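Enquirer: So that you have it, the file is run30.cif, and it contains mmCIF, C-alpha atoms:
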```
data_data
#
loop_
_atom_site.group_PDB
_atom_site.id
_atom_site.type_symbol
_atom_site.label_atom_id
_atom_site.label_comp_id
_atom_site.auth_asym_id
_atom_site.auth_seq_id
_atom_site.Cartn_x
_atom_site.Cartn_y
_atom_site.Cartn_z
ATOM 1 C CA MET A 1 2.644 -25.362 6.851
ATOM 2 C CA LYS A 2 3.723 -22.611 9.267
ATOM 3 C CA ARG A 3 5.386 -20.732 6.399
ATOM 4 C CA VAL A 4 2.189 -20.900 4.335
ATOM 5 C CA LYS A 5 0.176 -19.618 7.321
ATOM 6 C CA ASP A 6 2.668 -16.812 7.904
ATOM 7 C CA PHE A 7 2.511 -15.910 4.228
ATOM 8 C CA ALA A 8 -1.310 -15.895 4.251
ATOM 9 C CA SER A 9 -1.453 -13.673 7.328
ATOM 10 C CA GLU A 10 1.133 -11.300 5.828
ATOM 11 C CA PHE A 11 -0.938 -11.149 2.631
ATOM 12 C CA ALA A 12 -4.139 -10.360 4.561
ATOM 13 C CA GLY A 13 -2.148 -7.715 6.433
ATOM 14 C CA LEU A 14 -1.701 -5.828 3.148
ATOM 15 C CA PHE A 15 -5.351 -4.845 3.330
ATOM 16 C CA VAL A 16 -6.277 -5.037 7.009
ATOM 17 C CA ASP A 17 -4.305 -3.449 9.825
ATOM 18 C CA ASP A 18 -6.989 -2.099 12.141
ATOM 19 C CA ARG A 19 -10.013 -4.422 11.759
ATOM 20 C CA ARG A 20 -12.542 -1.791 12.870
ATOM 21 C CA PHE A 21 -11.141 0.704 10.389
ATOM 22 C CA ALA A 22 -11.274 -1.827 7.515
ATOM 23 C CA ALA A 23 -14.775 -3.049 8.448
ATOM 24 C CA THR A 24 -16.110 0.524 8.536
ATOM 25 C CA ILE A 25 -14.741 1.170 5.022
ATOM 26 C CA VAL A 26 -16.558 -1.925 3.702
ATOM 27 C CA VAL A 27 -19.804 -1.053 5.560
ATOM 28 C CA TRP A 28 -19.699 2.543 4.253
ATOM 29 C CA ILE A 29 -19.278 1.339 0.648
ATOM 30 C CA GLY A 30 -22.164 -1.097 1.235
ATOM 31 C CA LEU A 31 -24.399 1.708 2.547
ATOM 32 C CA ILE A 32 -23.679 3.921 -0.470
ATOM 33 C CA ALA A 33 -24.394 0.954 -2.770
ATOM 34 C CA PHE A 34 -27.692 0.367 -0.930
ATOM 35 C CA VAL A 35 -28.714 4.036 -1.270
ATOM 36 C CA LEU A 36 -28.019 3.887 -5.010
ATOM 37 C CA ARG A 37 -29.781 0.526 -5.582
ATOM 38 C CA ALA A 38 -32.830 1.510 -3.499
ATOM 39 C CA ASN A 39 -33.096 4.791 -5.416
ATOM 40 C CA VAL A 40 -33.099 6.654 -2.105
ATOM 41 C CA GLY A 41 -30.676 9.120 -3.592
ATOM 42 C CA SER A 42 -28.431 9.692 -6.550
ATOM 43 C CA GLY A 43 -26.325 12.424 -8.092
ATOM 44 C CA PRO A 44 -22.841 13.790 -7.606
ATOM 45 C CA TRP A 45 -23.446 14.613 -3.922
ATOM 46 C CA LEU A 46 -23.205 10.880 -3.151
ATOM 47 C CA GLY A 47 -19.553 11.054 -4.190
ATOM 48 C CA ALA A 48 -19.029 13.756 -1.582
ATOM 49 C CA VAL A 49 -20.843 11.605 0.998
ATOM 50 C CA LEU A 50 -18.614 8.610 0.131
ATOM 51 C CA PHE A 51 -15.489 10.758 0.563
ATOM 52 C CA ALA A 52 -16.749 12.393 3.770
ATOM 53 C CA GLY A 53 -17.577 9.061 5.436
ATOM 54 C CA LEU A 54 -14.207 7.578 4.538
ATOM 55 C CA SER A 55 -12.388 10.698 5.774
ATOM 56 C CA ILE A 56 -14.250 10.692 9.103
ATOM 57 C CA ASN A 57 -13.407 6.991 9.501
ATOM 58 C CA LEU A 58 -9.725 7.781 8.871
ATOM 59 C CA LEU A 59 -9.713 10.625 11.410
ATOM 60 C CA ALA A 60 -11.519 8.484 14.004
ATOM 61 C CA SER A 61 -9.094 5.596 13.533
ATOM 62 C CA VAL A 62 -6.037 7.855 13.879
ATOM 63 C CA ILE A 63 -7.388 9.485 17.054
ATOM 64 C CA ARG A 64 -8.252 6.041 18.464
ATOM 65 C CA ALA A 65 -4.703 4.859 17.766
ATOM 66 C CA SER A 66 -3.202 7.965 19.381
ATOM 67 C CA LYS A 67 -5.234 7.320 22.554
ATOM 68 C CA GLN A 68 -4.323 3.614 22.625
ATOM 69 C CA ARG A 69 -0.635 4.521 22.534
ATOM 70 C CA LEU A 70 -0.639 5.670 26.153
ATOM 71 C CA MET B 1 0.337 16.229 -19.593
ATOM 72 C CA PRO B 2 -2.065 13.390 -20.482
ATOM 73 C CA LEU B 3 -4.311 12.476 -17.564
ATOM 74 C CA VAL B 4 -3.361 8.800 -17.895
ATOM 75 C CA ILE B 5 0.143 9.634 -16.610
ATOM 76 C CA PHE B 6 -1.383 11.110 -13.476
ATOM 77 C CA THR B 7 -4.027 8.411 -12.977
ATOM 78 C CA ALA B 8 -1.956 5.326 -13.767
ATOM 79 C CA ALA B 9 1.768 5.668 -14.456
ATOM 80 C CA LEU B 10 2.693 8.073 -11.654
ATOM 81 C CA PRO B 11 0.963 6.299 -8.727
ATOM 82 C CA ALA B 12 2.178 2.917 -10.018
ATOM 83 C CA PHE B 13 5.735 4.287 -10.251
ATOM 84 C CA PHE B 14 5.828 5.801 -6.741
ATOM 85 C CA ALA B 15 4.036 2.936 -4.996
ATOM 86 C CA SER B 16 6.156 0.289 -6.769
ATOM 87 C CA PHE B 17 9.331 2.246 -6.038
ATOM 88 C CA VAL B 18 8.651 2.005 -2.296
ATOM 89 C CA GLU B 19 7.859 -1.723 -2.538
ATOM 90 C CA PHE B 20 10.995 -2.466 -4.579
ATOM 91 C CA VAL B 21 13.149 -0.586 -2.052
ATOM 92 C CA GLU B 22 11.699 -2.750 0.750
ATOM 93 C CA ALA B 23 12.259 -5.995 -1.193
ATOM 94 C CA LEU B 24 15.819 -4.930 -2.070
ATOM 95 C CA THR B 25 16.693 -4.432 1.617
ATOM 96 C CA VAL B 26 15.734 -8.023 2.483
ATOM 97 C CA VAL B 27 17.370 -9.525 -0.625
ATOM 98 C CA LEU B 28 20.626 -7.655 0.136
ATOM 99 C CA ALA B 29 20.531 -8.887 3.740
ATOM 100 C CA VAL B 30 20.117 -12.463 2.481
ATOM 101 C CA GLY B 31 22.950 -11.958 0.010
ATOM 102 C CA VAL B 32 25.327 -10.819 2.740
ATOM 103 C CA THR B 33 24.437 -13.473 5.337
ATOM 104 C CA ARG B 34 23.280 -16.521 3.346
ATOM 105 C CA GLY B 35 25.224 -16.039 0.102
ATOM 106 C CA GLY B 36 24.582 -14.181 -3.116
ATOM 107 C CA ARG B 37 23.495 -17.349 -4.942
ATOM 108 C CA SER B 38 20.641 -17.994 -2.480
ATOM 109 C CA ALA B 39 19.500 -14.378 -2.786
ATOM 110 C CA TRP B 40 19.505 -14.591 -6.581
ATOM 111 C CA ILE B 41 17.633 -17.949 -6.670
ATOM 112 C CA GLY B 42 14.966 -16.658 -4.246
ATOM 113 C CA THR B 43 14.602 -13.434 -6.236
ATOM 114 C CA ILE B 44 14.384 -15.171 -9.633
ATOM 115 C CA ALA B 45 11.855 -17.729 -8.277
ATOM 116 C CA GLY B 46 9.765 -14.904 -6.808
ATOM 117 C CA VAL B 47 9.836 -12.904 -10.048
ATOM 118 C CA ALA B 48 8.900 -16.055 -12.018
ATOM 119 C CA LEU B 49 5.888 -16.709 -9.775
ATOM 120 C CA LEU B 50 4.775 -13.075 -10.084
ATOM 121 C CA THR B 51 5.145 -13.216 -13.878
ATOM 122 C CA LEU B 52 2.922 -16.330 -13.993
ATOM 123 C CA LEU B 53 0.393 -14.567 -11.799
ATOM 124 C CA VAL B 54 0.325 -11.481 -14.032
ATOM 125 C CA ALA B 55 -0.022 -13.698 -17.126
ATOM 126 C CA ALA B 56 -3.022 -15.392 -15.503
ATOM 127 C CA ILE B 57 -4.676 -12.268 -14.087
ATOM 128 C CA GLY B 58 -4.262 -10.053 -17.179
ATOM 129 C CA PRO B 59 -6.530 -11.985 -19.606
ATOM 130 C CA ALA B 60 -8.961 -12.933 -16.795
ATOM 131 C CA LEU B 61 -9.579 -9.245 -16.036
ATOM 132 C CA ARG B 62 -11.005 -8.711 -19.536
ATOM 133 C CA LEU B 63 -13.809 -11.175 -18.721
ATOM 134 C CA VAL B 64 -15.045 -9.174 -15.709
ATOM 135 C CA PRO B 65 -17.585 -6.396 -16.444
ATOM 136 C CA LEU B 66 -15.993 -2.961 -15.847
ATOM 137 C CA PRO B 67 -18.442 -1.695 -13.134
ATOM 138 C CA ALA B 68 -17.957 -4.893 -11.064
ATOM 139 C CA LEU B 69 -14.194 -4.671 -11.536
ATOM 140 C CA GLN B 70 -14.205 -1.014 -10.481
ATOM 141 C CA VAL B 71 -16.177 -1.740 -7.288
ATOM 142 C CA VAL B 72 -14.070 -4.752 -6.233
ATOM 143 C CA VAL B 73 -10.721 -3.234 -7.177
ATOM 144 C CA GLY B 74 -11.771 0.186 -5.862
ATOM 145 C CA ALA B 75 -12.790 -1.272 -2.488
ATOM 146 C CA LEU B 76 -9.534 -3.251 -2.236
ATOM 147 C CA LEU B 77 -7.596 -0.151 -3.257
ATOM 148 C CA LEU B 78 -9.382 1.803 -0.522
ATOM 149 C CA LEU B 79 -8.491 -0.825 2.095
ATOM 150 C CA PHE B 80 -4.906 -0.924 0.853
ATOM 151 C CA GLY B 81 -4.406 2.818 0.276
ATOM 152 C CA MET B 82 -6.135 4.015 3.441
ATOM 153 C CA ARG B 83 -4.122 1.514 5.479
ATOM 154 C CA TRP B 84 -0.950 3.077 4.022
ATOM 155 C CA LEU B 85 -2.224 6.575 4.651
ATOM 156 C CA ARG B 86 -3.287 5.762 8.223
ATOM 157 C CA LYS B 87 0.164 4.329 8.966
ATOM 158 C CA ALA B 88 1.899 7.340 7.375
ATOM 159 C CA ILE B 89 -0.246 9.701 9.477
ATOM 160 C CA LEU B 90 0.611 7.755 12.653
ATOM 161 C CA ARG B 91 4.319 7.969 11.736
ATOM 162 C CA TYR B 92 4.229 11.733 11.190
ATOM 163 C CA ALA B 93 2.242 12.164 14.418
ATOM 164 C CA GLY B 94 4.974 10.323 16.310
ATOM 165 C CA ILE B 95 2.740 7.403 17.304
ATOM 166 C CA VAL B 96 4.479 4.772 15.157
ATOM 167 C CA SER B 97 8.226 4.847 14.526
ATOM 168 C CA PHE B 98 9.476 5.881 11.086
ATOM 169 C CA HIS B 99 10.341 3.218 8.521
ATOM 170 C CA ASP B 100 14.127 2.835 8.524
ATOM 171 C CA GLU B 101 15.712 0.664 5.811
ATOM 172 C CA ASN B 102 19.064 0.556 7.660
ATOM 173 C CA ALA B 103 17.381 -0.787 10.829
ATOM 174 C CA ILE B 104 15.405 -3.366 8.826
ATOM 175 C CA TYR B 105 18.576 -4.414 7.012
ATOM 176 C CA ALA B 106 20.405 -4.856 10.328
ATOM 177 C CA GLU B 107 17.491 -6.842 11.771
ATOM 178 C CA HIS B 108 17.315 -9.188 8.759
ATOM 179 C CA THR B 109 21.083 -9.587 8.678
ATOM 180 C CA GLY B 110 21.103 -10.551 12.363
ATOM 181 C CA ARG B 111 18.147 -12.935 12.039
ATOM 182 C CA SER B 112 19.551 -14.672 8.949
ATOM 183 C CA ALA B 113 22.963 -15.065 10.580
ATOM 184 C CA GLU B 114 21.349 -16.816 13.568
ATOM 185 C CA ASP B 115 20.196 -19.673 11.300
ATOM 186 C CA GLY B 116 23.646 -21.271 11.197
ATOM 187 C CA THR B 117 26.316 -21.463 8.483
ATOM 188 C CA PRO B 118 24.815 -21.498 5.025
ATOM 189 C CA GLY B 119 25.628 -24.114 2.382
ATOM 190 C CA PRO B 120 26.294 -23.261 -1.295
ATOM 191 C CA ILE B 121 22.534 -23.003 -1.866
ATOM 192 C CA ASP B 122 20.873 -22.165 1.411
ATOM 193 C CA ARG B 123 17.178 -23.058 1.713
ATOM 194 C CA THR B 124 16.491 -20.505 4.440
ATOM 195 C CA GLY B 125 18.119 -17.740 2.414
ATOM 196 C CA VAL B 126 16.258 -18.735 -0.752
ATOM 197 C CA PHE B 127 12.951 -18.747 1.138
ATOM 198 C CA ILE B 128 13.518 -15.368 2.827
ATOM 199 C CA ALA B 129 14.446 -13.710 -0.490
ATOM 200 C CA PHE B 130 11.555 -15.462 -2.283
ATOM 201 C CA ASN B 131 9.090 -14.437 0.446
ATOM 202 C CA ALA B 132 10.186 -10.780 0.333
ATOM 203 C CA VAL B 133 10.086 -10.592 -3.470
ATOM 204 C CA VAL B 134 6.672 -12.291 -3.694
ATOM 205 C CA LEU B 135 5.053 -10.269 -0.895
ATOM 206 C CA GLU B 136 6.341 -6.884 -2.046
ATOM 207 C CA GLY B 137 5.822 -7.934 -5.672
ATOM 208 C CA LEU B 138 2.203 -8.882 -4.978
ATOM 209 C CA GLU B 139 1.673 -5.355 -3.736
ATOM 210 C CA VAL B 140 3.195 -4.037 -6.982
ATOM 211 C CA VAL B 141 0.978 -6.362 -9.067
ATOM 212 C CA PHE B 142 -2.072 -5.285 -7.083
ATOM 213 C CA ILE B 143 -1.271 -1.580 -7.471
ATOM 214 C CA VAL B 144 -0.648 -1.946 -11.226
ATOM 215 C CA VAL B 145 -3.884 -3.897 -11.700
ATOM 216 C CA ALA B 146 -5.861 -1.554 -9.445
ATOM 217 C CA VAL B 147 -4.765 1.741 -10.949
ATOM 218 C CA GLY B 148 -4.411 0.359 -14.478
ATOM 219 C CA ALA B 149 -7.398 -1.928 -15.038
ATOM 220 C CA SER B 150 -9.997 0.420 -13.553
ATOM 221 C CA SER B 151 -8.936 3.282 -15.808
ATOM 222 C CA GLY B 152 -8.168 1.146 -18.859
ATOM 223 C CA ALA B 153 -4.492 2.093 -18.615
ATOM 224 C CA LEU B 154 -2.807 -1.173 -17.692
ATOM 225 C CA VAL B 155 0.187 -0.534 -19.992
ATOM 226 C CA PRO B 156 1.126 2.930 -18.564
ATOM 227 C CA ALA B 157 0.691 1.553 -15.024
ATOM 228 C CA ALA B 158 2.880 -1.477 -15.795
ATOM 229 C CA LEU B 159 5.476 0.806 -17.405
ATOM 230 C CA GLY B 160 5.498 3.000 -14.300
ATOM 231 C CA ALA B 161 6.202 -0.078 -12.138
ATOM 232 C CA LEU B 162 8.825 -1.434 -14.559
ATOM 233 C CA VAL B 163 10.740 1.861 -14.545
ATOM 234 C CA ALA B 164 10.638 1.889 -10.723
ATOM 235 C CA GLY B 165 11.871 -1.739 -10.633
ATOM 236 C CA ALA B 166 14.690 -0.993 -13.056
ATOM 237 C CA LEU B 167 15.787 2.076 -11.082
ATOM 238 C CA VAL B 168 15.768 0.311 -7.698
ATOM 239 C CA GLY B 169 17.307 -2.908 -9.072
ATOM 240 C CA GLY B 170 20.025 -0.936 -10.879
ATOM 241 C CA ALA B 171 20.803 1.132 -7.799
ATOM 242 C CA GLY B 172 20.903 -2.030 -5.661
ATOM 243 C CA LEU B 173 23.341 -3.743 -8.040
ATOM 244 C CA LEU B 174 25.581 -0.676 -8.132
ATOM 245 C CA LEU B 175 25.539 0.302 -4.456
ATOM 246 C CA ARG B 176 25.008 -3.136 -2.837
ATOM 247 C CA ARG B 177 23.449 -1.554 0.243
ATOM 248 C CA PRO B 178 19.909 -0.551 1.277
ATOM 249 C CA LEU B 179 18.531 2.612 -0.296
ATOM 250 C CA ALA B 180 18.081 4.263 3.084
ATOM 251 C CA ARG B 181 18.249 7.795 1.674
ATOM 252 C CA VAL B 182 15.070 7.343 -0.338
ATOM 253 C CA PRO B 183 12.427 9.448 1.482
ATOM 254 C CA GLU B 184 10.213 6.394 1.951
ATOM 255 C CA ASN B 185 8.010 7.840 4.691
ATOM 256 C CA GLY B 186 7.186 10.917 2.637
ATOM 257 C CA LEU B 187 6.570 8.784 -0.455
ATOM 258 C CA LYS B 188 4.231 6.520 1.498
ATOM 259 C CA PHE B 189 2.255 9.533 2.687
ATOM 260 C CA VAL B 190 1.875 10.816 -0.901
ATOM 261 C CA VAL B 191 1.090 7.373 -2.331
ATOM 262 C CA GLY B 192 -1.415 6.717 0.476
ATOM 263 C CA VAL B 193 -3.235 9.934 -0.476
ATOM 264 C CA MET B 194 -3.195 8.999 -4.190
ATOM 265 C CA LEU B 195 -4.362 5.401 -3.714
ATOM 266 C CA SER B 196 -7.152 6.488 -1.332
ATOM 267 C CA ALA B 197 -8.337 9.037 -3.897
ATOM 268 C CA PHE B 198 -8.246 6.491 -6.742
ATOM 269 C CA GLY B 199 -10.003 3.876 -4.591
ATOM 270 C CA THR B 200 -12.785 6.348 -3.763
ATOM 271 C CA PHE B 201 -13.107 7.395 -7.412
ATOM 272 C CA TRP B 202 -13.253 3.872 -8.889
ATOM 273 C CA THR B 203 -15.571 2.552 -6.170
ATOM 274 C CA GLY B 204 -17.928 5.488 -6.755
ATOM 275 C CA GLU B 205 -17.792 5.092 -10.516
ATOM 276 C CA GLY B 206 -18.431 1.332 -10.265
ATOM 277 C CA LEU B 207 -21.414 1.939 -7.983
ATOM 278 C CA GLY B 208 -22.857 4.396 -10.511
ATOM 279 C CA ILE B 209 -21.947 7.754 -8.970
ATOM 280 C CA ALA B 210 -21.584 10.427 -11.657
ATOM 281 C CA TRP B 211 -18.541 12.398 -10.542
ATOM 282 C CA PRO B 212 -18.683 16.084 -11.418
ATOM 283 C CA ALA B 213 -16.046 17.042 -14.053
ATOM 284 C CA GLY B 214 -15.398 13.353 -14.828
ATOM 285 C CA ASP B 215 -11.819 12.156 -14.306
ATOM 286 C CA PHE B 216 -10.818 15.600 -13.027
ATOM 287 C CA ALA B 217 -12.765 14.844 -9.820
ATOM 288 C CA LEU B 218 -9.689 12.737 -8.982
ATOM 289 C CA LEU B 219 -7.675 15.919 -8.475
ATOM 290 C CA ALA B 220 -10.244 17.206 -5.982
ATOM 291 C CA LEU B 221 -10.175 13.848 -4.170
ATOM 292 C CA VAL B 222 -6.357 13.911 -3.987
ATOM 293 C CA ALA B 223 -6.482 17.455 -2.568
ATOM 294 C CA GLY B 224 -9.268 16.448 -0.152
ATOM 295 C CA TYR B 225 -7.407 13.416 1.211
ATOM 296 C CA ALA B 226 -4.165 15.415 1.504
ATOM 297 C CA LEU B 227 -6.017 17.991 3.593
ATOM 298 C CA VAL B 228 -7.698 15.339 5.762
ATOM 299 C CA ALA B 229 -4.363 13.559 6.269
ATOM 300 C CA LEU B 230 -2.582 16.755 7.359
ATOM 301 C CA MET B 231 -5.478 17.504 9.691
ATOM 302 C CA ALA B 232 -5.251 13.970 11.104
ATOM 303 C CA VAL B 233 -1.513 14.407 11.818
ATOM 304 C CA ALA B 234 -2.204 17.664 13.698
ATOM 305 C CA LEU B 235 -5.131 16.156 15.639
ATOM 306 C CA ALA B 236 -3.185 13.013 16.585
ATOM 307 C CA ARG B 237 -0.170 15.072 17.735
ATOM 308 C CA ARG B 238 -2.427 17.263 19.882
ATOM 309 C CA SER B 239 -4.183 14.205 21.298
ATOM 310 C CA VAL B 240 -0.851 12.585 22.264
ATOM 311 C CA VAL B 241 0.430 15.796 23.911
ATOM 312 C CA LYS B 242 -2.837 16.182 25.861
ATOM 313 C CA LEU B 243 -2.779 12.568 27.093
ATOM 314 C CA GLU B 244 0.900 12.833 28.059
ATOM 315 C CA THR B 245 0.148 15.987 30.075
ATOM 316 C CA VAL B 246 -2.731 14.225 31.867
ATOM 317 C CA ALA B 247 -0.547 11.162 32.549
ATOM 318 C CA ARG B 248 2.075 13.356 34.268
#
```
So, in terms of structure tokens, how does the structure I just supplied come out?
Expert:
Amino acid sequence: MKRVKDFASEFAGLFVDDRRFAATIVVWIGLIAFVLRANVGSGPWLGAVLFAGLSINLLASVIRASKQRL
Amino acid sequence: MPLVIFTAALPAFFASFVEFVEALTVVLAVGVTRGGRSAWIGTIAGVALLTLLVAAIGPALRLVPLPALQVVVGALLLLFGMRWLRKAILRYAGIVSFHDENAIYAEHTGRSAEDGTPGPIDRTGVFIAFNAVVLEGLEVVFIVVAVGASSGALVPAALGALVAGALVGGAGLLLRRPLARVPENGLKFVVGVMLSAFGTFWTGEGLGIAWPAGDFALLALVAGYALVALMAVALARRSVVKLETVAR
């Protein structure tokens, strides 16, 4: 049973390392999907917004990790 | 060069190459400490399970509508790729130690040796080899499916992974030691950038975003993530230096 649990947690670890980082990615995708479904906005600029949000999340997570190190 | 090589075969090759190198290190450690037979049985069992999985997933994927598949696979690819990229950035910033196949090999060799004298077929050895092959192999399967299915290029992606597997397996059989000279950290940085770009592209396409210049937007995303990643390394390094100065 322990081996199965270990395996499951290792498998989940393939996708989630920093929970806040992973959750923000999912929330950002959800927000973009909402904007598209609600017809609040459309067009190629949404692609740039998707990329920008994900990049800012990456930068924030790296800086957070660098501060936690000390 | 056809775009499918860039969007499917190349990322699948590089990402799978890194995974196969990691699996090989553990399998070699098992072979040395628990016996070659146990390592082979664990490896063959792992490959068999992965083959069954691929045989089940492949036809099932055709039943899922493409936009839904792109969103789900794209989101998973983003989680997977950005996690790789984040880790690579932290390594280059000096926050996390570099991946070292020799150190991992030594650690696995020591740990396996602690489990007592192995029999002709050692259950612990079989399990460790099986576990490594399945876990790293699942990553390969996921990468092939993610970069292949979303772009309708499953065959080039699978070929990219197969070539990587053949190269690493062949080198492992010939050298019988970990492939520590493979620039794994650099490869992970590059693959992290590529997978993040593909994840963003497929997620956007699945959601209904019309990318300017079609598939060529991928190149801009790759360049964008590379730039962001390099900026992140510089920012993290500066942040560490500043905090260390304050701590003194």
Enquirer: List, as JSON, numbers by chain, every residue that the PyMOL selection byres ((chain A) within 9 of (chain B)) selects in the file provided.
Expert: {"A": [7, 10, 11, 14, 15, 16, 17, 18, 21, 22, 25, 26, 29, 32, 33, 36, 37, 42, 43, 44, 45, 46, 47, 50, 51, 54, 55, 56, 58, 59, 60, 61, 62, 63, 64, 65, 66, 67, 69, 70]}
Enquirer: Hey, which of B:Trp202, B:Phe142, B:Phe216, B:Tyr105 ends up closest to Val30 of chain B? Count only C-alpha atoms.
Expert: B:Tyr105
Enquirer: So what do you get for atom CA of Val140 of chain B versus atom CA of Leu50 of chain B, distance-wise?
Expert: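 Atom CA of Leu50 of chain B lies 9.7 Å from atom CA of Val140 of chain B.
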Enquirer: Between atom CA of Val141 of chain B and atom CA of Leu52 of chain B, what is the spacing in Å?
Expert: 11.3 Å
Enquirer: Please compute the atom CA of Val126 of chain B-atom CA of Ala39 of chain B distance, one decimal, in Å.
Expert: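 Between these atoms lies a distance of 5.8 Å.
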Enquirer: Step by step: start from the point (-2.0, 10.5, -3.9) in the file's coordinates, keep every protein, DNA or RNA residue that has an atom no farther than 9 Å from it, count all atoms listed in the file, and write the set as a ChimeraX atom specification.
Expert: /B:11,189-198,221-223,225-226
Enquirer: Grab all the atoms of segment 89-103 of chain B that the file lists, wrap them in a box along x, y and z, add 5 Å per side, and give me centre plus edge lengths in Å (one decimal) as JSON.
Expert:
```
{"center_x": 9.4, "center_y": 5.7, "center_z": 11.6, "size_x": 29.3, "size_y": 23.0, "size_z": 21.5}
```
